[in-house]
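Everything below belongs to coords-v2.txt, which stores compact mmCIF, C-alpha atoms.
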# COMPACT_ATOMS: atom_id res chain seq x y z
CA GLY A 514 -80.79 -84.82 -53.36
CA ALA A 515 -80.47 -81.58 -51.45
CA VAL A 516 -82.60 -78.63 -52.54
CA VAL A 517 -81.45 -75.07 -53.02
CA SER A 518 -84.20 -72.54 -53.54
CA GLN A 519 -83.80 -69.09 -55.02
CA HIS A 520 -86.26 -66.24 -54.87
CA PRO A 521 -87.43 -64.47 -56.89
CA SER A 522 -87.12 -66.47 -60.09
CA TRP A 523 -87.33 -63.29 -62.09
CA VAL A 524 -87.38 -59.58 -61.34
CA ILE A 525 -87.59 -56.38 -63.32
CA CYS A 526 -86.35 -53.21 -61.70
CA LYS A 527 -85.71 -49.64 -62.66
CA SER A 528 -82.22 -48.37 -63.17
CA GLY A 529 -80.76 -46.99 -59.95
CA THR A 530 -82.78 -49.16 -57.60
CA SER A 531 -81.58 -52.13 -55.56
CA VAL A 532 -82.69 -55.73 -55.83
CA LYS A 533 -82.29 -58.51 -53.28
CA ILE A 534 -82.05 -62.16 -54.28
CA GLU A 535 -82.39 -64.93 -51.71
CA CYS A 536 -80.76 -68.33 -51.76
CA ARG A 537 -81.94 -70.93 -49.27
CA SER A 538 -80.80 -74.45 -48.55
CA LEU A 539 -84.08 -76.16 -47.76
CA ASP A 540 -83.07 -79.42 -46.15
CA PHE A 541 -79.47 -78.94 -45.17
CA GLN A 542 -77.14 -76.42 -43.64
CA ALA A 543 -74.67 -74.61 -45.84
CA THR A 544 -71.81 -72.72 -44.24
CA THR A 545 -70.67 -71.74 -47.70
CA MET A 546 -72.71 -70.76 -50.72
CA PHE A 547 -71.62 -69.52 -54.11
CA TRP A 548 -73.05 -66.88 -56.39
CA TYR A 549 -72.65 -67.15 -60.14
CA ARG A 550 -73.70 -64.86 -62.97
CA GLN A 551 -74.54 -65.98 -66.46
CA PHE A 552 -74.97 -63.64 -69.42
CA PRO A 553 -76.98 -64.82 -72.42
CA LYS A 554 -75.29 -67.51 -74.45
CA GLN A 555 -72.34 -67.54 -72.04
CA SER A 556 -71.05 -69.76 -69.29
CA LEU A 557 -71.39 -69.31 -65.55
CA MET A 558 -68.90 -67.01 -63.89
CA LEU A 559 -68.28 -67.20 -60.18
CA MET A 560 -68.94 -63.85 -58.52
CA ALA A 561 -68.33 -64.55 -54.87
CA THR A 562 -68.16 -67.09 -52.10
CA SER A 563 -70.65 -66.44 -49.31
CA ASN A 564 -69.49 -67.50 -45.85
CA GLU A 565 -71.88 -67.86 -42.92
CA GLY A 566 -71.07 -65.36 -40.22
CA SER A 567 -68.22 -63.69 -42.05
CA LYS A 568 -67.46 -61.52 -45.04
CA ALA A 569 -67.93 -62.81 -48.53
CA THR A 570 -64.96 -63.43 -50.78
CA TYR A 571 -65.28 -61.77 -54.15
CA GLU A 572 -63.69 -62.85 -57.39
CA GLN A 573 -61.42 -60.49 -59.21
CA GLY A 574 -63.32 -57.81 -61.07
CA VAL A 575 -66.52 -58.12 -59.05
CA GLU A 576 -67.43 -54.93 -57.19
CA LYS A 577 -68.14 -55.83 -53.59
CA ASP A 578 -69.90 -52.53 -52.93
CA LYS A 579 -72.26 -53.16 -55.81
CA PHE A 580 -73.00 -56.80 -55.11
CA LEU A 581 -73.64 -57.04 -51.39
CA ILE A 582 -73.69 -60.53 -49.95
CA ASN A 583 -75.06 -61.45 -46.55
CA HIS A 584 -74.96 -64.97 -45.14
CA ALA A 585 -76.61 -64.47 -41.79
CA SER A 586 -77.72 -68.03 -41.17
CA LEU A 587 -76.74 -71.56 -42.13
CA THR A 588 -79.59 -71.78 -44.60
CA LEU A 589 -79.80 -68.34 -46.17
CA SER A 590 -77.53 -66.19 -48.30
CA THR A 591 -78.67 -63.00 -49.98
CA LEU A 592 -77.25 -61.09 -52.91
CA THR A 593 -78.23 -57.45 -53.22
CA VAL A 594 -77.53 -55.69 -56.48
CA THR A 595 -77.25 -52.04 -55.50
CA SER A 596 -77.91 -49.14 -57.84
CA ALA A 597 -78.67 -51.56 -60.62
CA HIS A 598 -77.96 -50.61 -64.22
CA PRO A 599 -78.96 -52.28 -67.47
CA GLU A 600 -75.54 -53.94 -67.73
CA ASP A 601 -76.34 -55.81 -64.51
CA SER A 602 -79.15 -57.59 -66.28
CA SER A 603 -78.22 -61.25 -66.12
CA PHE A 604 -79.12 -64.68 -64.79
CA TYR A 605 -77.90 -65.08 -61.22
CA ILE A 606 -77.52 -68.58 -59.79
CA CYS A 607 -76.51 -69.70 -56.33
CA SER A 608 -75.15 -73.06 -55.26
CA ALA A 609 -74.29 -74.92 -52.10
CA ARG A 610 -72.91 -78.24 -51.01
CA ASP A 611 -74.48 -80.46 -48.40
CA LEU A 612 -71.55 -81.03 -46.06
CA GLY A 613 -73.71 -83.17 -43.83
CA THR A 614 -73.82 -85.99 -46.33
CA GLY A 615 -70.17 -85.71 -47.23
CA GLY A 616 -71.09 -85.77 -50.88
CA ALA A 617 -69.22 -83.88 -53.54
CA GLU A 618 -72.20 -82.66 -55.46
CA ALA A 619 -72.88 -78.95 -55.72
CA PHE A 620 -76.59 -78.16 -55.79
CA PHE A 621 -77.84 -75.18 -57.75
CA GLY A 622 -80.81 -72.95 -57.21
CA GLN A 623 -83.28 -72.37 -59.99
CA GLY A 624 -81.73 -69.02 -60.80
CA THR A 625 -82.97 -65.45 -60.85
CA ARG A 626 -83.33 -63.54 -64.06
CA LEU A 627 -82.73 -59.86 -63.41
CA THR A 628 -83.76 -57.28 -65.97
CA VAL A 629 -82.87 -53.65 -65.30
CA VAL A 630 -84.79 -51.14 -67.36
CA GLU B 1120 -55.44 -70.55 -61.96
CA LEU B 1121 -57.80 -73.29 -63.01
CA LYS B 1122 -59.00 -73.05 -66.59
CA VAL B 1123 -61.55 -75.32 -68.18
CA GLU B 1124 -61.81 -75.71 -71.92
CA GLN B 1125 -64.73 -77.41 -73.53
CA ASN B 1126 -65.20 -78.39 -77.14
CA PRO B 1127 -66.95 -78.26 -79.39
CA LEU B 1128 -68.94 -75.17 -78.49
CA PHE B 1129 -71.74 -76.19 -80.80
CA LEU B 1130 -72.76 -79.65 -81.85
CA SER B 1131 -75.41 -80.46 -84.38
CA MET B 1132 -76.39 -84.07 -83.90
CA GLN B 1133 -78.37 -86.42 -86.03
CA GLU B 1134 -80.77 -88.65 -84.20
CA GLY B 1135 -79.40 -92.12 -83.70
CA LYS B 1136 -75.73 -91.20 -84.01
CA ASN B 1137 -73.00 -91.06 -81.36
CA TYR B 1138 -71.08 -87.97 -80.30
CA THR B 1139 -68.51 -86.87 -77.72
CA ILE B 1140 -67.96 -83.62 -75.88
CA TYR B 1141 -64.48 -82.97 -74.49
CA CYS B 1142 -63.48 -81.10 -71.37
CA ASN B 1143 -59.86 -80.25 -70.61
CA TYR B 1144 -58.72 -78.55 -67.44
CA SER B 1145 -55.45 -76.82 -66.76
CA THR B 1146 -54.35 -77.88 -63.34
CA THR B 1147 -54.90 -80.60 -60.80
CA SER B 1148 -58.53 -80.96 -59.87
CA ASP B 1149 -60.14 -83.46 -57.57
CA ARG B 1150 -63.62 -83.26 -58.96
CA LEU B 1151 -65.23 -82.88 -62.34
CA TYR B 1152 -68.91 -82.22 -62.95
CA TRP B 1153 -71.20 -82.36 -65.93
CA TYR B 1154 -74.40 -80.31 -66.05
CA ARG B 1155 -77.23 -79.85 -68.46
CA GLN B 1156 -78.96 -76.51 -68.94
CA ASP B 1157 -82.20 -76.01 -70.83
CA PRO B 1158 -83.02 -72.51 -72.15
CA GLY B 1159 -84.07 -70.18 -69.36
CA LYS B 1160 -83.43 -72.79 -66.70
CA SER B 1161 -80.81 -73.45 -64.09
CA LEU B 1162 -78.36 -76.34 -64.07
CA GLU B 1163 -79.31 -79.98 -63.84
CA SER B 1164 -76.61 -82.20 -62.40
CA LEU B 1165 -75.66 -85.10 -64.64
CA PHE B 1166 -72.46 -86.59 -63.26
CA VAL B 1167 -69.88 -86.10 -60.55
CA LEU B 1168 -66.49 -87.68 -61.24
CA LEU B 1169 -64.05 -87.89 -58.39
CA SER B 1170 -61.25 -90.27 -59.33
CA ASN B 1171 -59.02 -91.21 -62.21
CA GLY B 1172 -60.69 -93.70 -64.47
CA ALA B 1173 -64.15 -92.94 -63.13
CA VAL B 1174 -66.91 -93.78 -65.56
CA LYS B 1175 -70.57 -93.07 -64.99
CA GLN B 1176 -73.53 -93.76 -67.20
CA GLU B 1177 -77.11 -92.64 -67.17
CA GLY B 1178 -79.30 -93.53 -70.08
CA ARG B 1179 -77.68 -92.39 -73.32
CA LEU B 1180 -75.04 -90.34 -71.53
CA MET B 1181 -71.72 -91.62 -70.28
CA ALA B 1182 -69.00 -89.55 -68.64
CA SER B 1183 -65.41 -90.48 -67.93
CA LEU B 1184 -62.44 -88.88 -66.25
CA ASP B 1185 -58.72 -89.18 -66.94
CA THR B 1186 -56.93 -87.12 -64.33
CA LYS B 1187 -53.51 -87.76 -65.81
CA ALA B 1188 -54.56 -86.27 -69.12
CA ARG B 1189 -56.76 -83.73 -67.32
CA LEU B 1190 -59.56 -84.72 -69.62
CA SER B 1191 -63.17 -85.64 -69.17
CA THR B 1192 -65.52 -86.75 -71.90
CA LEU B 1193 -69.27 -86.86 -72.19
CA HIS B 1194 -70.37 -89.45 -74.69
CA ILE B 1195 -73.84 -89.42 -76.16
CA THR B 1196 -75.11 -92.66 -77.61
CA ALA B 1197 -77.84 -92.75 -80.24
CA ALA B 1198 -78.83 -89.11 -79.83
CA VAL B 1199 -82.49 -88.24 -79.46
CA HIS B 1200 -84.24 -84.89 -79.66
CA ASP B 1201 -84.76 -84.72 -75.89
CA LEU B 1202 -81.02 -84.36 -75.45
CA SER B 1203 -81.02 -80.92 -77.10
CA ALA B 1204 -79.63 -78.56 -74.45
CA THR B 1205 -76.41 -76.86 -73.42
CA TYR B 1206 -73.95 -79.07 -71.57
CA PHE B 1207 -71.35 -77.68 -69.20
CA CYS B 1208 -68.40 -79.30 -67.54
CA ALA B 1209 -66.97 -77.77 -64.39
CA ALA B 1210 -63.93 -78.50 -62.27
CA GLY B 1211 -62.96 -77.66 -58.73
CA LEU B 1212 -59.56 -76.97 -57.26
CA ILE B 1213 -58.31 -79.21 -54.48
CA THR B 1214 -57.35 -76.18 -52.45
CA ASP B 1215 -60.62 -74.34 -52.94
CA SER B 1216 -63.84 -74.53 -51.03
CA TRP B 1217 -65.99 -77.46 -51.94
CA GLY B 1218 -68.61 -76.22 -54.33
CA LYS B 1219 -66.49 -73.50 -55.91
CA LEU B 1220 -66.36 -74.42 -59.56
CA GLN B 1221 -64.77 -73.21 -62.76
CA PHE B 1222 -67.04 -73.80 -65.73
CA GLY B 1223 -66.25 -74.57 -69.32
CA ALA B 1224 -67.81 -72.43 -72.03
CA GLY B 1225 -70.58 -74.92 -72.63
CA THR B 1226 -71.57 -77.02 -75.63
CA GLN B 1227 -74.85 -76.21 -77.29
CA VAL B 1228 -76.33 -79.44 -78.58
CA VAL B 1229 -79.07 -79.51 -81.17
CA VAL B 1230 -80.43 -82.87 -82.17
CA THR B 1231 -82.27 -83.06 -85.48
CA PRO B 1232 -84.10 -85.93 -87.19
So, in terms of structure tokens, how does the structure I just supplied come out?
Amino acid sequence: GAVVSQHPSWVICKSGTSVKIECRSLDFQATTMFWYRQFPKQSLMLMATSNEGSKATYEQGVEKDKFLINHASLTLSTLTVTSAHPEDSSFYICSARDLGTGGAEAFFGQGTRLTVV
Amino acid sequence: ELKVEQNPLFLSMQEGKNYTIYCNYSTTSDRLYWYRQDPGKSLESLFVLLSNGAVKQEGRLMASLDTKARLSTLHITAAVHDLSATYFCAAGLITDSWGKLQFGAGTQVVVTP
């Protein structure tokens, strides 16, 4: 199946700094990618839909100025957590669908565990 | 708004016995997914169900979809320790972008001897 790669897999940052997470589709093009957040012992919550060449669509309650999304190419979306605070500590996961194969499966990256200290 | 309800939230299984996890969704969906998540890891795709009556099986796991009842089930046959994990179902709206999913709360499965 298609591969979605996330980097870094984990990161620790100081409160007030910014962190960038990359999501790459390795063997297919993804015009749309999705960013999810998962707190410990909870489910995945969709944060935003990343659209290649246009603005991201954010879910209700997600601060677009805090979680900056850039989808500059057909294989790369980035999520930047700006002015991170301890409450932003979470597991961030991206996903994408391989439109080229016409399949319905959504492929997930390996996730990024962010810890803000 | 699409809502996905999963139950039970926790399932203690005895090895060798059969169990079922239920996933209800609130409005018409054209695709239902089952994922497995091990602690500290991302999601592993188990099944994609796209039509009413769809049934898929892989090893000890079998998933089915009833779109009229808006219900999917994940059946575990003769549970073994390796199946300990958290299982999520997720549904997508027909009108939404492919890949945009609403997840259930997850079922934490612990299999004991």
For chain A, work out the contacting residues on chain B at 7 Å, counting only C-alpha atoms, and write them as a PDB file with C-alpha atoms, keeping the file's coordinate frame.
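Contents of part-v2.pdb, as written:
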ATOM      1  CA  LYS B1160     -83.430 -72.790 -66.700  1.00  0.00           C
ATOM      2  CA  SER B1161     -80.810 -73.450 -64.090  1.00  0.00           C
ATOM      3  CA  LEU B1162     -78.360 -76.340 -64.070  1.00  0.00           C
ATOM      4  CA  VAL B1167     -69.880 -86.100 -60.550  1.00  0.00           C
ATOM      5  CA  GLY B1218     -68.610 -76.220 -54.330  1.00  0.00           C
ATOM      6  CA  LYS B1219     -66.490 -73.500 -55.910  1.00  0.00           C
ATOM      7  CA  PHE B1222     -67.040 -73.800 -65.730  1.00  0.00           C
ATOM      8  CA  GLY B1223     -66.250 -74.570 -69.320  1.00  0.00           C
ATOM      9  CA  ALA B1224     -67.810 -72.430 -72.030  1.00  0.00           C
ATOM     10  CA  GLY B1225     -70.580 -74.920 -72.630  1.00  0.00           C
TER      11      GLY B1225
END
The residue from A:Ile582, A:Ala515, A:Val594, A:Val630 with the smallest atom-to-atom distance to Phe541 (chain A), counting only C-alpha atoms, is A:Ala515
Please provide the set of residues having any atom within 6 Å of region 1153-1156 of chain B, restricted to all atoms listed in the file, with same-chain residues fewer than 4 positions apart removed, written as a PDB file with C-alpha atoms, in the frame of the given file.
ATOM      1  CA  LEU B1162     -78.360 -76.340 -64.070  1.00  0.00           C
ATOM      2  CA  GLU B1163     -79.310 -79.980 -63.840  1.00  0.00           C
ATOM      3  CA  SER B1164     -76.610 -82.200 -62.400  1.00  0.00           C
ATOM      4  CA  LEU B1165     -75.660 -85.100 -64.640  1.00  0.00           C
ATOM      5  CA  PHE B1166     -72.460 -86.590 -63.260  1.00  0.00           C
ATOM      6  CA  ALA B1204     -79.630 -78.560 -74.450  1.00  0.00           C
ATOM      7  CA  THR B1205     -76.410 -76.860 -73.420  1.00  0.00           C
ATOM      8  CA  TYR B1206     -73.950 -79.070 -71.570  1.00  0.00           C
ATOM      9  CA  PHE B1207     -71.350 -77.680 -69.200  1.00  0.00           C
ATOM     10  CA  CYS B1208     -68.400 -79.300 -67.540  1.00  0.00           C
TER      11      CYS B1208
END
Within 10 Å of Ser602 (chain A) using only C-alpha atoms, minus same-chain residues under 6 positions, as an NGL selection string: :A and (524-526 or 550-553 or 626-630)
Can you sort out the box for region 514-530 of chain A, edges along x, y and z, all listed atoms in, 5 Å on every side, with centre and edge lengths in Å to one decimal, as lines of an AutoDock Vina configuration file?
center_x = -84.0
center_y = -65.9
center_z = -57.4
size_x = 17.1
size_y = 47.8
size_z = 21.9
Restricting the calculation to all atoms listed in the file, which member of B:Gln1133, B:Tyr1144, B:Val1199, B:Thr1139 is positioned closest to Gln1221 (chain B)? B:Tyr1144
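Near Lys533 (chain A), within 8 Å and counting all atoms listed in the file, sit Thr591, Leu592, Thr593 and Val594 of chain A, not including residues fewer than 5 positions from it in the same chain.
The coordinates place CA of His1194 (chain B) at 12.5 Å from CA of Thr1226 (chain B).
One distance worth recording is that between CA of Gly1211 (chain B) and CA of Asn1171 (chain B), which is 14.5 Å.
Here CA of His520 (chain A) stands at a distance of 5.2 Å from CA of Glu535 (chain A).
Nearest to Met1181 (chain B) of all the residues B:Tyr1138, B:Ser1148, B:Ser1203, B:Leu1169 is B:Tyr1138, counting only C-alpha atoms.
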Report as a CSV table (one decimal) with C-alpha atoms, in the frame of the given file all protein, DNA and RNA residues lying within 9 Å of Ala1182 (chain B), evaluated on all atoms listed in the file, omitting residues in the same chain fewer than 2 positions from it.
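Saved file result18.csv follows:
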chain,number,residue,atom,x,y,z
B,1153,TRP,CA,-71.2,-82.4,-65.9
B,1165,LEU,CA,-75.7,-85.1,-64.6
B,1166,PHE,CA,-72.5,-86.6,-63.3
B,1167,VAL,CA,-69.9,-86.1,-60.6
B,1168,LEU,CA,-66.5,-87.7,-61.2
B,1173,ALA,CA,-64.2,-92.9,-63.1
B,1174,VAL,CA,-66.9,-93.8,-65.6
B,1175,LYS,CA,-70.6,-93.1,-65.0
B,1176,GLN,CA,-73.5,-93.8,-67.2
B,1177,GLU,CA,-77.1,-92.6,-67.2
B,1180,LEU,CA,-75.0,-90.3,-71.5
B,1184,LEU,CA,-62.4,-88.9,-66.2
B,1191,SER,CA,-63.2,-85.6,-69.2
B,1192,THR,CA,-65.5,-86.8,-71.9
B,1193,LEU,CA,-69.3,-86.9,-72.2
B,1194,HIS,CA,-70.4,-89.4,-74.7
B,1195,ILE,CA,-73.8,-89.4,-76.2
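Among the candidate residues B:Ser1183, B:Gln1227, B:Ser1170, B:Thr1196, the one lying nearest to Glu1134 (chain B) is B:Thr1196, with distances computed using only C-alpha atoms.
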Please list as a PyMOL selection string every residue within 9 Å of Ser1131 (chain B), counting all atoms listed in the file and excluding residues in the same chain fewer than 3 positions away. chain B and resi 1227-1231
